[in-house]
$ cat data_5.txt   # compact mmCIF, C-alpha atoms and all ligand atoms
# COMPACT_ATOMS: atom_id res chain seq x y z
CA MET X 1 -10.51 -0.44 11.36
CA LYS X 2 -9.81 -4.07 10.52
CA ILE X 3 -10.00 -5.54 7.01
CA SER X 4 -12.84 -8.03 6.56
CA SER X 5 -12.34 -8.87 2.86
CA VAL X 6 -10.45 -8.04 -0.34
CA LYS X 7 -11.93 -8.93 -3.71
CA ALA X 8 -10.16 -8.41 -7.04
CA GLN X 9 -11.24 -8.76 -10.65
CA GLU X 10 -9.96 -8.27 -14.18
CA ILE X 11 -10.96 -5.04 -15.97
CA LEU X 12 -9.60 -3.08 -18.97
CA ASP X 13 -7.13 -0.19 -19.03
CA SER X 14 -7.15 2.73 -21.48
CA ARG X 15 -5.23 0.75 -24.11
CA GLY X 16 -7.75 -2.09 -23.98
CA ASN X 17 -5.37 -4.33 -22.06
CA PRO X 18 -6.49 -6.20 -18.96
CA THR X 19 -5.59 -4.85 -15.53
CA ILE X 20 -6.66 -5.51 -11.96
CA GLU X 21 -9.10 -3.72 -9.66
CA CYS X 22 -9.75 -4.47 -6.02
CA VAL X 23 -12.40 -3.66 -3.40
CA THR X 24 -11.37 -3.72 0.25
CA THR X 25 -14.15 -3.99 2.82
CA LEU X 26 -13.56 -3.14 6.48
CA GLU X 27 -15.32 -4.54 9.53
CA ASP X 28 -17.53 -1.42 9.81
CA GLY X 29 -18.70 -1.93 6.20
CA SER X 30 -16.53 0.86 4.72
CA GLN X 31 -15.30 0.05 1.22
CA GLY X 32 -12.43 1.30 -0.91
CA TRP X 33 -11.83 0.65 -4.60
CA ALA X 34 -8.64 0.96 -6.65
CA ALA X 35 -7.44 0.01 -10.14
CA VAL X 36 -3.82 -0.50 -11.13
CA PRO X 37 -2.31 1.28 -14.18
CA SER X 38 0.22 -0.18 -16.62
CA GLY X 39 3.26 1.20 -18.44
CA ALA X 40 4.52 0.66 -22.00
CA SER X 41 7.97 2.25 -21.87
CA THR X 42 8.73 0.40 -18.68
CA GLY X 43 12.06 0.33 -16.89
CA LYS X 44 13.74 -3.02 -16.50
CA TYR X 45 14.14 -2.54 -12.75
CA GLU X 46 10.41 -2.06 -12.11
CA ALA X 47 8.54 -4.44 -9.82
CA VAL X 48 6.91 -7.22 -11.82
CA GLU X 49 3.46 -6.74 -13.31
CA LEU X 50 2.16 -10.30 -13.28
CA ARG X 51 0.59 -11.37 -16.61
CA ASP X 52 -0.91 -14.79 -17.38
CA GLY X 53 1.03 -15.47 -20.58
CA ASP X 54 -1.96 -17.49 -21.81
CA GLU X 55 -1.93 -16.74 -25.54
CA LYS X 56 -5.59 -17.74 -25.84
CA ARG X 57 -6.67 -14.77 -23.75
CA TYR X 58 -5.82 -11.12 -24.48
CA ASP X 59 -2.66 -12.09 -26.36
CA GLY X 60 -1.15 -13.42 -23.13
CA LEU X 61 -1.83 -10.19 -21.16
CA GLY X 62 -4.61 -11.49 -18.91
CA VAL X 63 -4.25 -10.89 -15.15
CA LEU X 64 -6.28 -13.81 -13.78
CA LYS X 65 -3.27 -15.13 -11.84
CA ALA X 66 -2.86 -11.76 -10.14
CA VAL X 67 -6.60 -11.73 -9.41
CA SER X 68 -6.47 -15.16 -7.80
CA ASN X 69 -3.34 -14.19 -5.88
CA VAL X 70 -5.44 -11.44 -4.26
CA ASN X 71 -8.58 -13.49 -3.72
CA ASP X 72 -6.99 -16.77 -2.63
CA ILE X 73 -3.54 -15.97 -1.21
CA LEU X 74 -3.15 -12.33 -0.16
CA SER X 75 -6.65 -12.20 1.32
CA LYS X 76 -5.47 -14.71 3.94
CA VAL X 77 -2.54 -12.43 4.74
CA VAL X 78 -4.47 -9.16 5.05
CA VAL X 79 -7.88 -10.06 6.49
CA GLY X 80 -7.92 -9.05 10.15
CA LYS X 81 -5.08 -6.53 9.67
CA ASN X 82 -5.60 -2.93 10.72
CA ALA X 83 -6.21 -0.81 7.59
CA GLU X 84 -4.84 2.26 9.36
CA ASP X 85 -1.40 0.71 9.58
CA GLN X 86 -0.41 0.97 5.93
CA LYS X 87 3.23 0.15 6.56
CA GLU X 88 2.43 -3.04 8.45
CA LEU X 89 -0.08 -4.11 5.80
CA ASP X 90 2.38 -3.51 2.94
CA LYS X 91 5.19 -5.24 4.83
CA ALA X 92 3.03 -8.34 5.37
CA MET X 93 2.28 -8.52 1.63
CA ILE X 94 5.96 -7.98 0.71
CA GLU X 95 6.91 -10.83 3.04
CA ALA X 96 4.20 -13.10 1.65
CA ASP X 97 5.63 -12.50 -1.82
CA GLY X 98 9.18 -13.01 -0.62
CA THR X 99 10.97 -11.84 -3.79
CA GLU X 100 12.98 -8.66 -4.40
CA ASN X 101 10.74 -7.50 -7.27
CA LYS X 102 7.32 -8.91 -6.25
CA SER X 103 7.49 -11.45 -9.07
CA LYS X 104 5.80 -14.25 -7.15
CA LEU X 105 2.44 -12.67 -6.36
CA GLY X 106 2.71 -9.65 -8.68
CA ALA X 107 3.18 -5.96 -7.90
CA ASN X 108 -0.19 -5.35 -9.59
CA ALA X 109 -1.93 -7.75 -7.17
CA ILE X 110 -0.20 -6.27 -4.11
CA LEU X 111 -0.74 -2.63 -5.15
CA SER X 112 -4.45 -3.19 -5.79
CA ILE X 113 -4.87 -4.11 -2.10
CA SER X 114 -2.47 -1.45 -0.86
CA MET X 115 -4.40 1.38 -2.58
CA SER X 116 -7.95 0.10 -2.04
CA THR X 117 -7.25 -0.37 1.67
CA ALA X 118 -6.09 3.24 2.03
CA GLN X 119 -9.32 4.30 0.30
CA ALA X 120 -11.41 2.13 2.62
CA GLU X 121 -9.73 3.52 5.75
CA ALA X 122 -10.33 7.08 4.52
CA VAL X 123 -14.03 6.23 4.10
CA SER X 124 -14.11 4.69 7.57
CA GLU X 125 -12.52 7.82 9.07
CA LYS X 126 -14.99 9.97 7.05
CA LYS X 127 -12.13 11.87 5.44
CA PRO X 128 -11.40 12.64 1.80
CA LEU X 129 -8.50 10.46 0.63
CA TYR X 130 -6.08 13.41 0.36
CA GLU X 131 -6.76 14.40 3.96
CA TYR X 132 -6.36 10.84 5.21
CA LEU X 133 -3.08 10.32 3.34
CA ALA X 134 -1.65 13.63 4.62
CA LYS X 135 -0.69 11.81 7.83
CA PHE X 136 2.24 10.37 5.87
CA ASN X 137 3.49 13.84 4.93
CA SER X 138 5.91 14.94 7.64
CA ASN X 139 5.92 18.47 6.16
CA PHE X 140 2.17 18.90 6.45
CA LYS X 141 1.22 22.02 8.38
CA GLY X 142 -2.47 22.48 7.60
CA SER X 143 -2.38 23.92 4.07
CA PHE X 144 -2.30 21.72 0.98
CA THR X 145 0.00 22.24 -2.00
CA MET X 146 -1.84 21.92 -5.32
CA PRO X 147 0.49 20.48 -7.96
CA ILE X 148 1.60 22.03 -11.24
CA PRO X 149 -0.31 19.99 -13.85
CA GLU X 150 2.44 19.04 -16.30
CA MET X 151 0.38 18.09 -19.33
CA ASN X 152 1.84 15.99 -22.09
CA VAL X 153 0.39 17.55 -25.25
CA MET X 154 2.55 15.87 -27.92
CA ASN X 155 3.09 12.11 -27.84
CA GLY X 156 6.01 10.40 -29.54
CA GLY X 157 8.08 7.30 -28.93
CA LYS X 158 6.24 4.13 -28.00
CA HIS X 159 3.09 6.06 -27.02
CA GLY X 160 2.71 7.83 -30.36
CA ASN X 161 3.97 5.42 -33.00
CA TRP X 162 7.34 7.23 -33.01
CA ALA X 163 5.95 10.58 -34.18
CA THR X 164 9.16 11.89 -32.57
CA ASP X 165 12.05 10.17 -30.81
CA ILE X 166 11.27 12.16 -27.66
CA GLN X 167 8.31 10.49 -25.95
CA GLU X 168 6.63 13.45 -24.23
CA TYR X 169 6.37 17.21 -24.71
CA MET X 170 4.82 18.84 -21.67
CA LEU X 171 3.36 22.22 -20.71
CA PHE X 172 4.44 23.62 -17.31
CA PRO X 173 1.93 26.41 -16.44
CA ILE X 174 4.16 27.88 -13.75
CA GLY X 175 2.66 31.38 -13.90
CA ALA X 176 -0.88 30.29 -12.98
CA PRO X 177 -2.43 31.56 -9.73
CA SER X 178 -4.19 28.25 -9.01
CA LEU X 179 -4.49 24.68 -10.22
CA ALA X 180 -7.85 25.34 -11.90
CA GLU X 181 -6.33 28.29 -13.81
CA ALA X 182 -3.32 26.16 -14.71
CA VAL X 183 -5.64 23.49 -16.12
CA ARG X 184 -7.47 26.17 -18.10
CA MET X 185 -4.25 27.61 -19.50
CA ASN X 186 -3.07 24.17 -20.61
CA ALA X 187 -6.43 23.27 -22.16
CA GLU X 188 -6.48 26.56 -24.08
CA VAL X 189 -2.98 25.96 -25.43
CA TYR X 190 -4.00 22.40 -26.34
CA MET X 191 -6.94 23.80 -28.37
CA GLN X 192 -4.58 26.16 -30.20
CA ILE X 193 -2.18 23.30 -30.94
CA LYS X 194 -5.06 21.41 -32.53
CA LYS X 195 -5.91 24.43 -34.72
CA LEU X 196 -2.28 24.83 -35.78
CA LEU X 197 -1.95 21.15 -36.65
CA LYS X 198 -5.14 21.32 -38.72
CA SER X 199 -3.84 24.36 -40.59
CA LYS X 200 -0.66 22.42 -41.38
CA LYS X 201 -2.85 19.54 -42.60
CA TYR X 202 -1.33 17.31 -39.91
CA SER X 203 -3.16 14.46 -38.22
CA ILE X 204 -4.98 15.44 -35.03
CA ALA X 205 -5.19 11.85 -33.77
CA VAL X 206 -3.82 11.41 -30.25
CA GLY X 207 -1.38 9.00 -28.62
CA ASP X 208 -1.75 6.86 -25.50
CA GLU X 209 -1.59 9.84 -23.13
CA GLY X 210 -3.89 12.11 -25.13
CA GLY X 211 -1.24 14.31 -26.77
CA PHE X 212 -1.22 14.86 -30.53
CA ALA X 213 1.03 12.54 -32.49
CA PRO X 214 1.39 13.56 -36.13
CA SER X 215 4.55 12.36 -37.84
CA PHE X 216 6.73 15.42 -37.17
CA ILE X 217 9.77 16.17 -39.32
CA SER X 218 12.08 16.59 -36.33
CA ASN X 219 12.24 16.49 -32.54
CA GLU X 220 12.23 20.31 -32.58
CA GLU X 221 9.04 20.82 -34.58
CA PRO X 222 6.65 20.15 -31.62
CA PHE X 223 8.36 22.99 -29.71
CA GLN X 224 7.71 25.37 -32.62
CA VAL X 225 4.01 24.44 -32.65
CA MET X 226 3.74 24.63 -28.86
CA SER X 227 5.47 28.04 -28.73
CA GLN X 228 3.10 29.44 -31.32
CA ALA X 229 0.12 27.94 -29.49
CA VAL X 230 1.18 29.50 -26.18
CA SER X 231 1.43 32.95 -27.80
CA SER X 232 -1.83 32.68 -29.70
CA SER X 233 -3.55 31.68 -26.44
CA GLY X 234 -2.42 35.05 -25.04
CA TYR X 235 0.21 33.68 -22.63
CA VAL X 236 3.83 34.66 -22.27
CA LEU X 237 6.20 31.86 -23.16
CA GLY X 238 8.78 31.30 -20.46
CA LYS X 239 6.76 33.25 -17.88
CA ASP X 240 3.22 31.88 -17.84
CA VAL X 241 4.02 28.59 -19.51
CA CYS X 242 7.30 26.70 -19.83
CA PHE X 243 8.07 23.34 -21.38
CA GLY X 244 9.30 19.96 -20.19
CA ILE X 245 10.18 16.72 -21.92
CA ASP X 246 10.39 13.03 -21.17
CA ALA X 247 12.93 11.64 -23.63
CA ALA X 248 12.33 8.05 -22.38
CA SER X 249 15.67 7.40 -24.01
CA THR X 250 16.05 3.81 -22.81
CA GLU X 251 13.62 3.08 -25.64
CA PHE X 252 16.01 4.32 -28.35
CA PHE X 253 19.26 3.20 -26.73
CA LYS X 254 21.03 0.54 -28.82
CA ASP X 255 24.52 -0.91 -28.43
CA GLY X 256 25.71 1.92 -26.22
CA LYS X 257 24.34 4.73 -28.43
CA TYR X 258 21.15 6.71 -28.90
CA VAL X 259 19.32 6.26 -32.20
CA LEU X 260 17.59 9.50 -33.17
CA ASN X 261 15.59 8.44 -36.23
CA LYS X 262 13.98 11.85 -36.70
CA GLU X 263 17.43 13.48 -36.86
CA GLY X 264 18.80 10.71 -39.07
CA LYS X 265 21.68 10.00 -36.69
CA THR X 266 22.97 7.79 -33.92
CA VAL X 267 24.68 9.72 -31.13
CA THR X 268 26.76 9.24 -27.98
CA SER X 269 25.46 10.42 -24.61
CA ASP X 270 27.66 13.56 -24.91
CA GLU X 271 26.15 14.32 -28.30
CA LEU X 272 22.62 13.65 -27.02
CA SER X 273 23.21 15.99 -24.14
CA ALA X 274 24.52 18.70 -26.52
CA PHE X 275 21.45 18.21 -28.74
CA LEU X 276 19.02 18.57 -25.80
CA LEU X 277 20.87 21.60 -24.47
CA SER X 278 20.68 23.25 -27.89
CA LEU X 279 16.89 22.79 -27.76
CA SER X 280 16.78 24.23 -24.25
CA SER X 281 18.72 27.31 -25.41
CA LYS X 282 15.96 28.02 -27.95
CA TYR X 283 12.88 27.12 -25.90
CA PRO X 284 12.08 27.51 -22.18
CA ILE X 285 12.56 23.85 -21.24
CA ILE X 286 12.73 23.68 -17.45
CA SER X 287 12.43 19.93 -16.92
CA MET X 288 13.96 16.92 -18.65
CA GLU X 289 13.10 13.33 -17.73
CA ASP X 290 14.95 10.14 -18.63
CA VAL X 291 17.46 12.01 -20.74
CA PHE X 292 19.69 8.92 -20.78
CA ALA X 293 19.18 5.17 -20.60
CA GLU X 294 18.39 3.47 -17.29
CA ASP X 295 21.98 2.33 -16.63
CA ASP X 296 23.84 5.34 -18.05
CA TRP X 297 24.69 6.75 -14.57
CA ILE X 298 27.87 8.43 -15.79
CA ALA X 299 26.02 10.45 -18.42
CA TYR X 300 23.53 11.66 -15.79
CA LYS X 301 26.27 12.81 -13.44
CA LYS X 302 27.95 14.76 -16.25
CA PHE X 303 24.65 16.30 -17.36
CA MET X 304 23.95 17.48 -13.81
CA GLU X 305 27.37 19.10 -13.68
CA THR X 306 26.74 20.84 -17.00
CA THR X 307 23.24 22.08 -16.20
CA GLN X 308 24.13 23.15 -12.63
CA GLY X 309 20.63 22.91 -11.19
CA LYS X 310 19.14 25.24 -13.82
CA ILE X 311 17.04 22.45 -15.29
CA GLN X 312 15.00 19.87 -13.38
CA ILE X 313 16.60 16.53 -14.32
CA VAL X 314 14.11 13.76 -13.58
CA GLY X 315 14.84 10.06 -13.11
CA ASP X 316 12.02 7.70 -14.08
CA ASP X 317 13.34 4.39 -15.51
CA LEU X 318 16.57 5.33 -13.74
CA TYR X 319 15.02 5.05 -10.26
CA VAL X 320 11.73 3.13 -10.76
CA THR X 321 10.48 4.66 -7.46
CA ASN X 322 12.93 2.37 -5.67
CA VAL X 323 14.78 3.81 -2.65
CA LYS X 324 17.88 1.69 -3.34
CA ARG X 325 18.32 3.12 -6.82
CA LEU X 326 17.38 6.59 -5.57
CA GLN X 327 20.03 6.34 -2.85
CA LYS X 328 22.65 5.65 -5.52
CA GLY X 329 21.39 8.66 -7.48
CA ILE X 330 21.64 10.85 -4.38
CA GLU X 331 25.20 9.70 -3.64
CA GLU X 332 26.34 10.15 -7.24
CA LYS X 333 24.37 13.40 -7.76
CA SER X 334 22.72 11.87 -10.82
CA THR X 335 19.57 14.01 -10.91
CA ASN X 336 17.74 16.65 -8.88
CA SER X 337 14.32 15.07 -9.26
CA ILE X 338 12.51 11.73 -9.23
CA LEU X 339 9.40 10.53 -11.03
CA ILE X 340 7.01 8.68 -8.72
CA LYS X 341 4.86 5.80 -9.96
CA LEU X 342 3.07 3.58 -7.45
CA ASN X 343 3.11 0.51 -9.67
CA GLN X 344 6.86 0.70 -10.31
CA ILE X 345 7.43 -0.39 -6.72
CA GLY X 346 4.06 -1.93 -5.82
CA THR X 347 2.95 -0.56 -2.44
CA VAL X 348 1.71 2.79 -1.13
CA SER X 349 4.20 2.88 1.75
CA GLU X 350 7.29 2.17 -0.37
CA THR X 351 6.14 4.93 -2.76
CA ILE X 352 5.88 7.34 0.17
CA ASP X 353 9.37 6.27 1.33
CA ALA X 354 10.78 7.28 -2.08
CA ILE X 355 9.13 10.71 -1.89
CA LEU X 356 10.37 11.33 1.65
CA LEU X 357 13.92 10.24 0.82
CA ALA X 358 13.97 12.55 -2.20
CA ARG X 359 12.67 15.42 -0.09
CA LYS X 360 15.29 14.86 2.58
CA ASP X 361 17.94 15.39 -0.07
CA ASN X 362 16.26 18.47 -1.57
CA MET X 363 15.17 16.67 -4.68
CA THR X 364 11.80 17.38 -6.28
CA ALA X 365 9.28 14.59 -6.86
CA ILE X 366 6.70 14.36 -9.66
CA VAL X 367 3.77 12.02 -9.10
CA SER X 368 2.91 10.28 -12.37
CA HIS X 369 0.26 8.26 -14.17
CA ARG X 370 1.16 5.41 -16.56
CA SER X 371 0.51 5.35 -20.29
CA GLY X 372 -2.10 2.64 -19.66
CA GLU X 373 -4.54 4.16 -17.16
CA THR X 374 -8.00 3.67 -15.69
CA GLU X 375 -10.68 5.94 -14.25
CA ASP X 376 -9.04 5.65 -10.82
CA THR X 377 -7.99 9.07 -9.49
CA PHE X 378 -5.89 7.86 -6.53
CA ILE X 379 -2.79 9.79 -7.69
CA ALA X 380 -4.68 13.12 -7.61
CA ASP X 381 -5.39 12.74 -3.88
CA PHE X 382 -1.96 11.23 -3.32
CA VAL X 383 -0.04 14.18 -4.80
CA VAL X 384 -2.06 16.69 -2.75
CA ALA X 385 -1.56 14.64 0.43
CA LEU X 386 2.19 14.34 -0.03
CA GLY X 387 2.51 17.93 -1.25
CA THR X 388 5.14 17.23 -3.90
CA GLY X 389 3.80 20.10 -6.01
CA GLN X 390 4.06 18.38 -9.38
CA ILE X 391 1.95 15.85 -11.27
CA LYS X 392 2.06 14.53 -14.81
CA THR X 393 -1.04 12.72 -15.91
CA GLY X 394 -1.30 13.33 -19.64
CA ALA X 395 -3.08 15.74 -21.92
CA PRO X 396 -6.31 17.62 -21.20
CA SER X 397 -8.09 14.94 -23.23
CA ARG X 398 -9.16 11.28 -22.79
CA SER X 399 -11.22 10.68 -19.67
CA GLU X 400 -8.65 8.48 -17.93
CA ARG X 401 -6.36 11.57 -17.98
CA THR X 402 -8.92 14.34 -17.34
CA ALA X 403 -10.39 12.30 -14.44
CA LYS X 404 -7.23 13.13 -12.48
CA TYR X 405 -7.24 16.84 -13.38
CA ASN X 406 -10.98 17.07 -12.66
CA ARG X 407 -10.44 15.45 -9.27
CA LEU X 408 -7.66 17.95 -8.53
CA MET X 409 -9.95 20.87 -9.42
CA ARG X 410 -12.63 19.48 -7.13
CA ILE X 411 -10.12 19.11 -4.30
CA GLU X 412 -8.90 22.68 -4.80
CA ARG X 413 -12.45 24.05 -4.68
CA GLU X 414 -13.25 21.96 -1.61
CA LEU X 415 -10.14 23.24 0.18
CA GLY X 416 -10.71 26.92 -0.66
CA SER X 417 -8.11 29.06 1.10
CA LYS X 418 -6.36 25.95 2.48
CA ALA X 419 -5.13 25.17 -1.07
CA VAL X 420 -1.93 26.83 -2.31
CA TYR X 421 -0.66 26.46 -5.89
CA ALA X 422 2.86 25.07 -6.06
CA ASN X 423 5.99 26.96 -6.87
CA LEU X 424 8.70 25.22 -8.85
CA THR X 425 11.95 25.96 -7.11
CA LEU X 426 14.85 23.89 -8.32
CA GLU X 427 17.50 22.69 -5.94
CA LYS X 428 21.07 21.96 -6.83
P1 LIG G 1 4.92 4.49 -19.32
O1 LIG G 1 5.31 5.97 -19.73
O2 LIG G 1 3.77 4.56 -18.41
O3 LIG G 1 4.61 3.84 -20.65
O4 LIG G 1 6.14 3.91 -18.68
C1 LIG G 1 5.33 7.03 -18.85
C2 LIG G 1 6.72 7.57 -18.66
O5 LIG G 1 7.69 7.06 -19.26
O6 LIG G 1 6.90 8.49 -17.87
ZN ZN G 2 9.12 8.61 -18.15
$ encode --input "data_5.txt" --output "structure tokens"
Amino acid sequence: MKISSVKAQEILDSRGNPTIECVTTLEDGSQGWAAVPSGASTGKYEAVELRDGDEKRYDGLGVLKAVSNVNDILSKVVVGKNAEDQKELDKAMIEADGTENKSKLGANAILSISMSTAQAEAVSEKKPLYEYLAKFNSNFKGSFTMPIPEMNVMNGGKHGNWATDIQEYMLFPIGAPSLAEAVRMNAEVYMQIKKLLKSKKYSIAVGDEGGFAPSFISNEEPFQVMSQAVSSSGYVLGKDVCFGIDAASTEFFKDGKYVLNKEGKTVTSDELSAFLLSLSSKYPIISMEDVFAEDDWIAYKKFMETTQGKIQIVGDDLYVTNVKRLQKGIEEKSTNSILIKLNQIGTVSETIDAILLARKDNMTAIVSHRSGETEDTFIADFVVALGTGQIKTGAPSRSERTAKYNRLMRIERELGSKAVYANLTLEK
């Protein structure tokens, strides 16, 4: 069905910063809506999120330029285009922008149309979004893989006022029989964490992604609390529930070294890797994201050789969902997994390309939210459609996070026996 109009406006994200939403209307009257998220610990190679820089509005963070780029410029490019042909639509917008990193029109402007058009086409075809998007999944054979909900229950780094140097501590409920049970397990552990923190007289305030963020004494302390919480919830640590981290280490990388304030030391990449491995020998940590800074390729390669495929090593700032950077990672064997964020690259089809390239090379892919989110649940449908089997979208708290988990539970119930809970099998 052909696009008849696209209309964007400025709204707020979960941090109270402006972001962009867009409604695409098709010639049959079908409409799709999407809102674009925003990162805080962003990688320097990400596509450009266009901000106004007008200090008189929102401290310079307004997105009125991006909004007018949709309404006045991109609308002329996309109206009349076939919404079904996502690749063609995205290509036309990429060409209209003409830059390598979408800095002219803004990746936020372009993505708002890319996502809302997919939504509109799904409505037109009378399909749920996950079913419509499954046409891009070359592995799709009729049953849908429900992702492991990798919930970030402790927030540090930039998202949690540096409660820890490590940015995210996640629960991996790998022993659950279904997504809904996995969500329940995580939420129960989260409740126990809250009780434990209260008993320690720690703050129970939460960070940007809904995880607790008291000022811990070390980077290890959250693991102690989480381990106790898993046991007191009645689950077996290492069997029912494992752990994962996102170190987001670009954020504490200075002058070629890693500054671990909570440990009171500045370390080399070899020392950082030894420190993280010592944690993983004490706790069942099966996944580690952004262990090193975004240009520290050599350290990644070494870490992969040391861990020998036993741990999922995930590239986020390292790859920024960009197939060129991913290709380098594949050639150099830098990681065995990629984090997938639509707004790092700026179109739905380029995001899909990154997932398919990773899959071709036996790498896992984790679909991810951003620390600044909205009520949009696009990524929930997207992860089910592409069948990557893993999603991280924050804690089981704050509605912009639970909206995604709630959508996933609804999808699972709707699918019944056609939904299969993912297995985490690591590839070398
Ligand atoms: P961001 O954090 O959205 O602030 O970039 C998420 C992440 O680093 O994975
Ligand atoms: Zn990350």
$ closest_residue --input "data_5.txt" --among "X:Lys158, X:Arg51, X:Arg184, X:Lys328" --to "ligand ZN 2 (chain G)" --atoms "all atoms listed in the file"
X:Lys158
$ closest_residue --input "data_5.txt" --among "X:Leu196, X:Met154, X:Ile245, X:Ala422" --to "ligand LIG 1 (chain G)" --atoms "all atoms listed in the file"
X:Ile245
$ residues_around --input "data_5.txt" --residues "range 268-272 of chain X" --least-positions-apart "2" --cutoff "6 Å" --atoms "only C-alpha atoms" --output "list in words"
Lys257, Ala274 and Phe275 of chain X
$ closest_residue --input "data_5.txt" --among "X:Met304, X:Val291, X:Leu26, X:Val241" --to "Asp316 in chain X" --atoms "only C-alpha atoms"
X:Val291
$ closest_atom_pairs --input "data_5.txt" --of "chain X" --to "ligand LIG 1 (chain G)" --cutoff "6 Å" --atoms "only C-alpha atoms and all ligand atoms" --output "tab-separated table"
residue	atom	partner	partner_atom	distance
X:Gly39	CA	G:LIG1	O2	3.4
X:Ala40	CA	G:LIG1	O3	3.5
X:Ser41	CA	G:LIG1	O3	3.9
X:Thr42	CA	G:LIG1	O4	4.4
X:Ala248	CA	G:LIG1	O5	5.7
X:Arg370	CA	G:LIG1	O2	3.3
X:Ser371	CA	G:LIG1	O2	3.8
$ write_last_selection --input "data_5.txt" --atoms "C-alpha atoms" --output "PDB file, in the coordinates of the input"
ATOM      1  CA  GLY X  39       3.260   1.200 -18.440  1.00  0.00           C
ATOM      2  CA  ALA X  40       4.520   0.660 -22.000  1.00  0.00           C
ATOM      3  CA  SER X  41       7.970   2.250 -21.870  1.00  0.00           C
ATOM      4  CA  THR X  42       8.730   0.400 -18.680  1.00  0.00           C
ATOM      5  CA  ALA X 248      12.330   8.050 -22.380  1.00  0.00           C
ATOM      6  CA  ARG X 370       1.160   5.410 -16.560  1.00  0.00           C
ATOM      7  CA  SER X 371       0.510   5.350 -20.290  1.00  0.00           C
TER       8      SER X 371
END
$ residues_around --input "data_5.txt" --residues "Ala395 in chain X" --least-positions-apart "3" --cutoff "8 Å" --atoms "all atoms listed in the file" --output "PDB file with C-alpha atoms, in the coordinates of the input"
ATOM      1  CA  MET X 151       0.380  18.090 -19.330  1.00  0.00           C
ATOM      2  CA  ASN X 152       1.840  15.990 -22.090  1.00  0.00           C
ATOM      3  CA  VAL X 153       0.390  17.550 -25.250  1.00  0.00           C
ATOM      4  CA  GLU X 209      -1.590   9.840 -23.130  1.00  0.00           C
ATOM      5  CA  GLY X 210      -3.890  12.110 -25.130  1.00  0.00           C
ATOM      6  CA  GLY X 211      -1.240  14.310 -26.770  1.00  0.00           C
ATOM      7  CA  ARG X 398      -9.160  11.280 -22.790  1.00  0.00           C
ATOM      8  CA  ARG X 401      -6.360  11.570 -17.980  1.00  0.00           C
ATOM      9  CA  THR X 402      -8.920  14.340 -17.340  1.00  0.00           C
TER      10      THR X 402
END
$ closest_atom_pairs --input "data_5.txt" --of "chain X" --to "ligand ZN 2 (chain G)" --cutoff "8 Å" --atoms "all atoms listed in the file" --output "JSON lines"
{"residue": "X:Ser41", "atom": "CA", "partner": "G:ZN2", "partner_atom": "ZN", "distance": 7.5}
{"residue": "X:Asp246", "atom": "CA", "partner": "G:ZN2", "partner_atom": "ZN", "distance": 5.5}
{"residue": "X:Ala247", "atom": "CA", "partner": "G:ZN2", "partner_atom": "ZN", "distance": 7.3}
{"residue": "X:Ala248", "atom": "CA", "partner": "G:ZN2", "partner_atom": "ZN", "distance": 5.3}
{"residue": "X:Glu289", "atom": "CA", "partner": "G:ZN2", "partner_atom": "ZN", "distance": 6.2}
{"residue": "X:Asp290", "atom": "CA", "partner": "G:ZN2", "partner_atom": "ZN", "distance": 6.0}
{"residue": "X:Gly315", "atom": "CA", "partner": "G:ZN2", "partner_atom": "ZN", "distance": 7.8}
{"residue": "X:Asp316", "atom": "CA", "partner": "G:ZN2", "partner_atom": "ZN", "distance": 5.1}
{"residue": "X:Asp317", "atom": "CA", "partner": "G:ZN2", "partner_atom": "ZN", "distance": 6.5}
{"residue": "X:Leu339", "atom": "CA", "partner": "G:ZN2", "partner_atom": "ZN", "distance": 7.4}
$ residues_around --input "data_5.txt" --residues "range 343-349 of chain X" --least-positions-apart "5" --cutoff "8 Å" --atoms "all atoms listed in the file" --output "number ranges by chain"
X: 36-38, 46-47, 86-87, 90, 101-102, 107-108, 110-111, 114-115, 320-322
$ residues_near_point --input "data_5.txt" --point "(4.7, 23.2, -19.6)" --cutoff "12 Å" --atoms "only C-alpha atoms" --output "ChimeraX atom specification"
/X:148-154,168-176,182-183,185-187,189-190,223,226-227,229-230,235-246,283-288,390-392,394-395,424
$ residues_around --input "data_5.txt" --residues "Leu356 in chain X" --least-positions-apart "2" --cutoff "12 Å" --atoms "all atoms listed in the file" --output "VMD selection string"
chain X and resid 136 to 139 321 to 323 326 to 327 338 340 349 to 354 358 to 365 386 to 388
$ write_last_selection --input "data_5.txt" --atoms "C-alpha atoms" --output "short mmCIF file (atom, residue, chain, number, x, y, z; two decimals), in the coordinates of the input"
data_model
loop_
_atom_site.label_atom_id
_atom_site.label_comp_id
_atom_site.auth_asym_id
_atom_site.auth_seq_id
_atom_site.Cartn_x
_atom_site.Cartn_y
_atom_site.Cartn_z
CA PHE X 136 2.24 10.37 5.87
CA ASN X 137 3.49 13.84 4.93
CA SER X 138 5.91 14.94 7.64
CA ASN X 139 5.92 18.47 6.16
CA THR X 321 10.48 4.66 -7.46
CA ASN X 322 12.93 2.37 -5.67
CA VAL X 323 14.78 3.81 -2.65
CA LEU X 326 17.38 6.59 -5.57
CA GLN X 327 20.03 6.34 -2.85
CA ILE X 338 12.51 11.73 -9.23
CA ILE X 340 7.01 8.68 -8.72
CA SER X 349 4.20 2.88 1.75
CA GLU X 350 7.29 2.17 -0.37
CA THR X 351 6.14 4.93 -2.76
CA ILE X 352 5.88 7.34 0.17
CA ASP X 353 9.37 6.27 1.33
CA ALA X 354 10.78 7.28 -2.08
CA ALA X 358 13.97 12.55 -2.20
CA ARG X 359 12.67 15.42 -0.09
CA LYS X 360 15.29 14.86 2.58
CA ASP X 361 17.94 15.39 -0.07
CA ASN X 362 16.26 18.47 -1.57
CA MET X 363 15.17 16.67 -4.68
CA THR X 364 11.80 17.38 -6.28
CA ALA X 365 9.28 14.59 -6.86
CA LEU X 386 2.19 14.34 -0.03
CA GLY X 387 2.51 17.93 -1.25
CA THR X 388 5.14 17.23 -3.90
#
